[in-house]
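S.K.: Dropping a structure here in structure tokens format, bear with me for questions.
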Amino acid sequence: MAQTFGYFGTMGAIALFLLALFCLDRLWRRRPATSRIWPKGEGPAGLILFLASFLVLYLLNDHSFVFYNNYSYLADALLHGHLYVDGMPAYLESVEFGGHVYMHFAPGPALLCLPFVAIFGISGFNIAWLSLTLGAANTALGYHVFRRMGIGRDRRERIWCAALLTFGTVHCFLAALGHGWFLGHVSSWFFLLLGMFFLTAPEEKRRDVHLFLSGVFYGCAVTCRMPNLLGALFFGGYILVRYPKEKRLRSLLFFCLGAAVPGSLYMAYNYARFGTIMDKGYNLTHLKDKYRSMYNEMQALPKEEQLSFLKAAEKEVGGPLQTRYMAFNLYSIFLLGPEFTREYPYVIPTLAGVSLTHLSPALYAAGWVDYRKDKLPWFLLATAAVCAVPFLMNYGNGFAQFGMRYAMDFIPYVGILAAMGMTRRPLGGWKVALILLCMLLNMWGPVYWNIFY
């Protein structure tokens, strides 16, 4: 779309589109109470949201082949019966251990790539298509999670809340571009929202099955982004708050059994690579990025000595998570803004990203929740806080990004709280305008990136 209209033309077209949505919303609210413009019940809301979201993300994509496709190389390696990716191009991030090259990202998205790489091969499968599909699915899943949690008075309010979650946050940018790092976050949300979807299922008869599936998908989310492990606080809290007292222990057991399936496979994957059940990929990346001489020294050692060397190096220089990085990462989340210049294009988002305050101010609606009436918001708030800790302590804030991509680890919980706050009272015009502003700001990301980067 940007190639057709140019930079300002594209942003103007997006602004007009969002203004049209605002006008349609005003008409929807003013229609007679007896009129029906939607099938009785929920109707095809999820399907419509998926198709509409896919179309928007498709238009925001630049339709070129994504060469930052680390997961495709791991998928190809798995199809050939090994875990190393010795043939991966040098421009893709990787680490060396025991004489082999490994992809250091958490491996979950590679499993989603498996059937497509098997059919089309690495060079024939564009991971952008997977990113667009998962991003659209996240909108539909978000809508159904809100519905099952009782957030929003009607379809209209839940649709706007789902739009805020996936188009009013950095998720929009990540899903529209679909590069390797970005696909990891979008895949993580897909599995996490699936876990929430089954967690909040109302059916009593199949509760054990739903909880088992919820655990499986939660575990899959962890294999995409390790900070999701801390999201167990929300899943456990939901069971404690929403489930009958006499069934809580059984429910927790089935959830844990489900989570153990991908969890055990992830630990086996790590043991096969590094000789430990812990994922050392990011530890090796930290050493490679910050202390290259020590990293090179480790490569000269026999494989059986490298893990001990890595542990000793971490004791000496610290791991990738350190408290000294918290000040800048807090600044990144809350204050980091774009740069302004007198030359075209006048407003420039830095490669370090733009803060949530500037791009997603509607998330502050989380503060409007009545925390006195229900315990669940406290679990959501606590989960968001603990899931933010790895970001706050990380030696990098994500870089090469538009918004704060690491914030994707805690935005799902803040997003649910914001939806609760937004719909505590009727979702009026000014709230819709705020959501649309967030959508405009986050759609700016892929447009700018496609034209200038």
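Each chain in the structure tokens gets a letter, A, B, ..., in the order shown, and its residues are numbered from 1; ligands are numbered from 1 in order too.
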Report as a list of chain:residue names all protein, DNA and RNA residues lying within 9 Å of A:Leu427, evaluated on only C-alpha atoms, omitting residues in the same chain fewer than 5 positions from it.
M.R.: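 Once the adjacent positions are removed, what remains is A:Gly152, A:Arg153, A:Arg156, A:Glu157, A:Trp160, A:Met422, A:Val432.
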S.K.: Using the selection just defined, write its residues with C-alpha atoms as an mmCIF file, in the first residue's frame.
M.R.:
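Saved to part_35.cif:
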data_model
loop_
_atom_site.group_PDB
_atom_site.id
_atom_site.type_symbol
_atom_site.label_atom_id
_atom_site.label_comp_id
_atom_site.auth_asym_id
_atom_site.auth_seq_id
_atom_site.Cartn_x
_atom_site.Cartn_y
_atom_site.Cartn_z
ATOM 1 C CA GLY A 152 -17.528 -6.065 27.571
ATOM 2 C CA ARG A 153 -21.293 -5.650 27.535
ATOM 3 C CA ARG A 156 -19.218 -4.106 19.898
ATOM 4 C CA GLU A 157 -17.231 -3.506 23.068
ATOM 5 C CA TRP A 160 -12.941 -2.760 20.097
ATOM 6 C CA MET A 422 -12.356 0.460 29.197
ATOM 7 C CA VAL A 432 -13.185 4.476 20.822
#
S.K.: If you take only C-alpha atoms and a cut-off of 10 Å, which residues of stretch 155-233 of chain A touch stretch 266-269 of chain A, and what are their nearest atom pairs and distances in Å to one decimal, in chain and number order, as JSON lines?
M.R.:
{"residue": "A:Gly219", "atom": "CA", "partner": "A:Tyr266", "partner_atom": "CA", "distance": 9.1}
{"residue": "A:Cys220", "atom": "CA", "partner": "A:Tyr266", "partner_atom": "CA", "distance": 9.1}
{"residue": "A:Val222", "atom": "CA", "partner": "A:Tyr266", "partner_atom": "CA", "distance": 9.0}
{"residue": "A:Thr223", "atom": "CA", "partner": "A:Tyr266", "partner_atom": "CA", "distance": 6.7}
S.K.: Write the residues of the preceding selection, restricted to N, CA and C atoms, as a PDB file, in the first residue's frame.
M.R.:
ATOM      1  N   GLY A 219       2.418 -24.139  27.606  1.00  0.00           N
ATOM      2  CA  GLY A 219       3.779 -24.652  27.480  1.00  0.00           C
ATOM      3  C   GLY A 219       4.383 -24.339  26.123  1.00  0.00           C
ATOM      4  N   CYS A 220       3.561 -24.408  25.056  1.00  0.00           N
ATOM      5  CA  CYS A 220       4.046 -24.051  23.722  1.00  0.00           C
ATOM      6  C   CYS A 220       4.435 -22.575  23.659  1.00  0.00           C
ATOM      7  N   VAL A 222       5.703 -20.914  26.067  1.00  0.00           N
ATOM      8  CA  VAL A 222       7.009 -20.827  26.726  1.00  0.00           C
ATOM      9  C   VAL A 222       8.121 -21.220  25.760  1.00  0.00           C
ATOM     10  N   THR A 223       7.845 -22.182  24.864  1.00  0.00           N
ATOM     11  CA  THR A 223       8.864 -22.584  23.896  1.00  0.00           C
ATOM     12  C   THR A 223       9.078 -21.537  22.810  1.00  0.00           C
TER      13      THR A 223
END
S.K.: At what distance in Å, to one decimal, does atom CA of A:Pro377 lie from atom CA of A:Met226?
M.R.: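 Those two atoms sit 23.1 Å apart.
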S.K.: Run DSSP on the backbone of this structure and report the residues of stretch 73-211 of chain A it assigns to alpha helix (DSSP H), as number ranges by chain.
M.R.: A: 73-79, 108-120, 127-149, 155-167, 171-177, 180-199, 207-211
S.K.: If we count only C-alpha atoms and set the cut-off at 8 Å, which residues sit around stretch 305-322 of chain A, ignoring sequence neighbours fewer than 6 positions away in its own chain? Please answer as a PyMOL selection string.
M.R.: chain A and resi 97-98+274-275+282-284+286+294+298-299+390+393-395
S.K.: Nearest to A:Gly236 among A:Thr423, A:Asn442, A:Ser332, A:Thr383, with distances taken over only C-alpha atoms: which residue is it?
M.R.: A:Thr383
S.K.: Pick out the closest residue to A:Leu351 from this set: A:Tyr291, A:Phe379, A:Tyr364, A:Trp449. Count only C-alpha atoms.
M.R.: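 The answer is A:Trp449, which sits nearest to A:Leu351.
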S.K.: Pick out the residues sitting within 7 Å of A:Leu132, and hand them over as a list in words; count only C-alpha atoms, and ignore anything fewer than 5 positions along from it in its own chain.
M.R.: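 The residues that qualify are Phe54, Leu57, Tyr58, Ala175 and Ala176 of chain A.
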S.K.: Which polymer residues have any atom within 12 Å of an atom of A:Gly46, counting only C-alpha atoms, with same-chain residues fewer than 5 positions away left out, as a ChimeraX atom specification?
M.R.: /A:51-53,136-147,155,158-159,162
S.K.: Those selected residues, please, written with C-alpha atoms and delivered as a PDB file, in the first residue's frame.
M.R.:
ATOM      1  CA  LEU A  51     -10.571 -12.146   7.797  1.00  0.00           C
ATOM      2  CA  ALA A  52     -10.622  -8.383   8.402  1.00  0.00           C
ATOM      3  CA  SER A  53      -7.413  -8.537  10.444  1.00  0.00           C
ATOM      4  CA  ALA A 136      -5.103 -12.310  12.396  1.00  0.00           C
ATOM      5  CA  ALA A 137      -5.872 -15.370  14.509  1.00  0.00           C
ATOM      6  CA  ASN A 138      -4.728 -13.471  17.600  1.00  0.00           C
ATOM      7  CA  THR A 139      -7.432 -10.854  17.009  1.00  0.00           C
ATOM      8  CA  ALA A 140     -10.149 -13.517  16.836  1.00  0.00           C
ATOM      9  CA  LEU A 141      -8.751 -15.363  19.852  1.00  0.00           C
ATOM     10  CA  GLY A 142      -8.529 -12.137  21.841  1.00  0.00           C
ATOM     11  CA  TYR A 143     -12.192 -11.459  21.109  1.00  0.00           C
ATOM     12  CA  HIS A 144     -13.250 -14.918  22.319  1.00  0.00           C
ATOM     13  CA  VAL A 145     -11.076 -14.700  25.445  1.00  0.00           C
ATOM     14  CA  PHE A 146     -12.771 -11.403  26.329  1.00  0.00           C
ATOM     15  CA  ARG A 147     -16.170 -12.984  25.681  1.00  0.00           C
ATOM     16  CA  ARG A 155     -20.018  -7.711  20.712  1.00  0.00           C
ATOM     17  CA  ARG A 158     -15.385  -6.815  22.736  1.00  0.00           C
ATOM     18  CA  ILE A 159     -14.477  -6.086  19.111  1.00  0.00           C
ATOM     19  CA  ALA A 162      -9.675  -7.040  20.560  1.00  0.00           C
TER      20      ALA A 162
END
S.K.: Quick one: everything within 9 Å of A:Ala118, counting only C-alpha atoms, minus sequence neighbours fewer than 3 positions away in the same chain. Send it as a list of chain:residue names.
M.R.: A:Ala75, A:Asp76, A:Leu79, A:Cys113, A:Leu114, A:Pro115, A:Gly121, A:Ile122
S.K.: Could the residues in this selection be written to a file with N, CA and C atoms, as a CSV table (one decimal), in the first residue's frame?
M.R.:
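Result saved to out.csv:
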chain,number,residue,atom,x,y,z
A,75,ALA,N,13.6,-25.5,11.3
A,75,ALA,CA,12.6,-26.5,10.9
A,75,ALA,C,13.2,-27.5,9.9
A,76,ASP,N,14.0,-27.0,9.0
A,76,ASP,CA,14.7,-27.8,8.0
A,76,ASP,C,15.6,-28.8,8.7
A,79,LEU,N,13.7,-31.6,10.2
A,79,LEU,CA,13.2,-32.5,9.2
A,79,LEU,C,14.3,-33.4,8.7
A,113,CYS,N,6.5,-23.9,11.5
A,113,CYS,CA,7.0,-23.8,10.1
A,113,CYS,C,7.2,-25.2,9.5
A,114,LEU,N,7.3,-26.2,10.3
A,114,LEU,CA,7.7,-27.5,9.8
A,114,LEU,C,6.9,-28.0,8.5
A,115,PRO,N,5.6,-28.0,8.6
A,115,PRO,CA,4.9,-28.5,7.4
A,115,PRO,C,5.1,-27.7,6.1
A,121,GLY,N,10.2,-26.0,1.1
A,121,GLY,CA,11.6,-25.8,1.3
A,121,GLY,C,11.9,-24.4,1.9
A,122,ILE,N,13.1,-24.2,2.3
A,122,ILE,CA,13.5,-22.9,3.0
A,122,ILE,C,13.3,-21.7,2.1
S.K.: Of the residues A:Trp430, A:Tyr295, A:Trp129, A:Trp28, which is the one nearest to A:Val95, using only C-alpha atoms?
M.R.: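 Of the candidates, the smallest distance to A:Val95 is held by A:Tyr295.
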S.K.: Excluding A:Val389 and any residue of its chain fewer than 6 positions from it, enumerate the residues within 10 Å of it, using only C-alpha atoms, and give them as a PyMOL selection string.
M.R.: chain A and resi 227+230+321+323+326+409-410
S.K.: Between atom CA of A:Arg372 and atom CA of A:Ile435, what is the distance in Å, rounded to a tenth?
M.R.: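 Taking atom CA of A:Arg372 as the start and atom CA of A:Ile435 as the end point, the length is 25.7 Å.
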S.K.: Counting only C-alpha atoms, which of A:Val369, A:Gly237, A:Gly429, A:Ser264 gets nearest to A:Arg30?
M.R.: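 Under the stated criterion, the closest residue is A:Gly429.
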S.K.: As a list of chain:residue names, which residues of stretch 155-367 of chain A does DSSP assign to strand (DSSP E)?
M.R.: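 Here is the list: A:Glu339, A:Phe340, A:Val347, A:Ile348.
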S.K.: What does the file look like for those residues with C-alpha atoms, as a PDB file, in the first residue's frame?
M.R.:
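The file below, selection_32.pdb, is the result:
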ATOM      1  CA  GLU A 339      13.141  11.914  17.075  1.00  0.00           C
ATOM      2  CA  PHE A 340      11.979  15.150  15.463  1.00  0.00           C
ATOM      3  CA  VAL A 347       9.242  12.371  12.789  1.00  0.00           C
ATOM      4  CA  ILE A 348      11.610   9.420  13.006  1.00  0.00           C
TER       5      ILE A 348
END
S.K.: Rank nothing, just name the residue among A:Leu192, A:Ile127, A:Leu330, A:Cys438 nearest to A:His63, using only C-alpha atoms.
M.R.: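 Result for the nearest residue to A:His63: A:Ile127.
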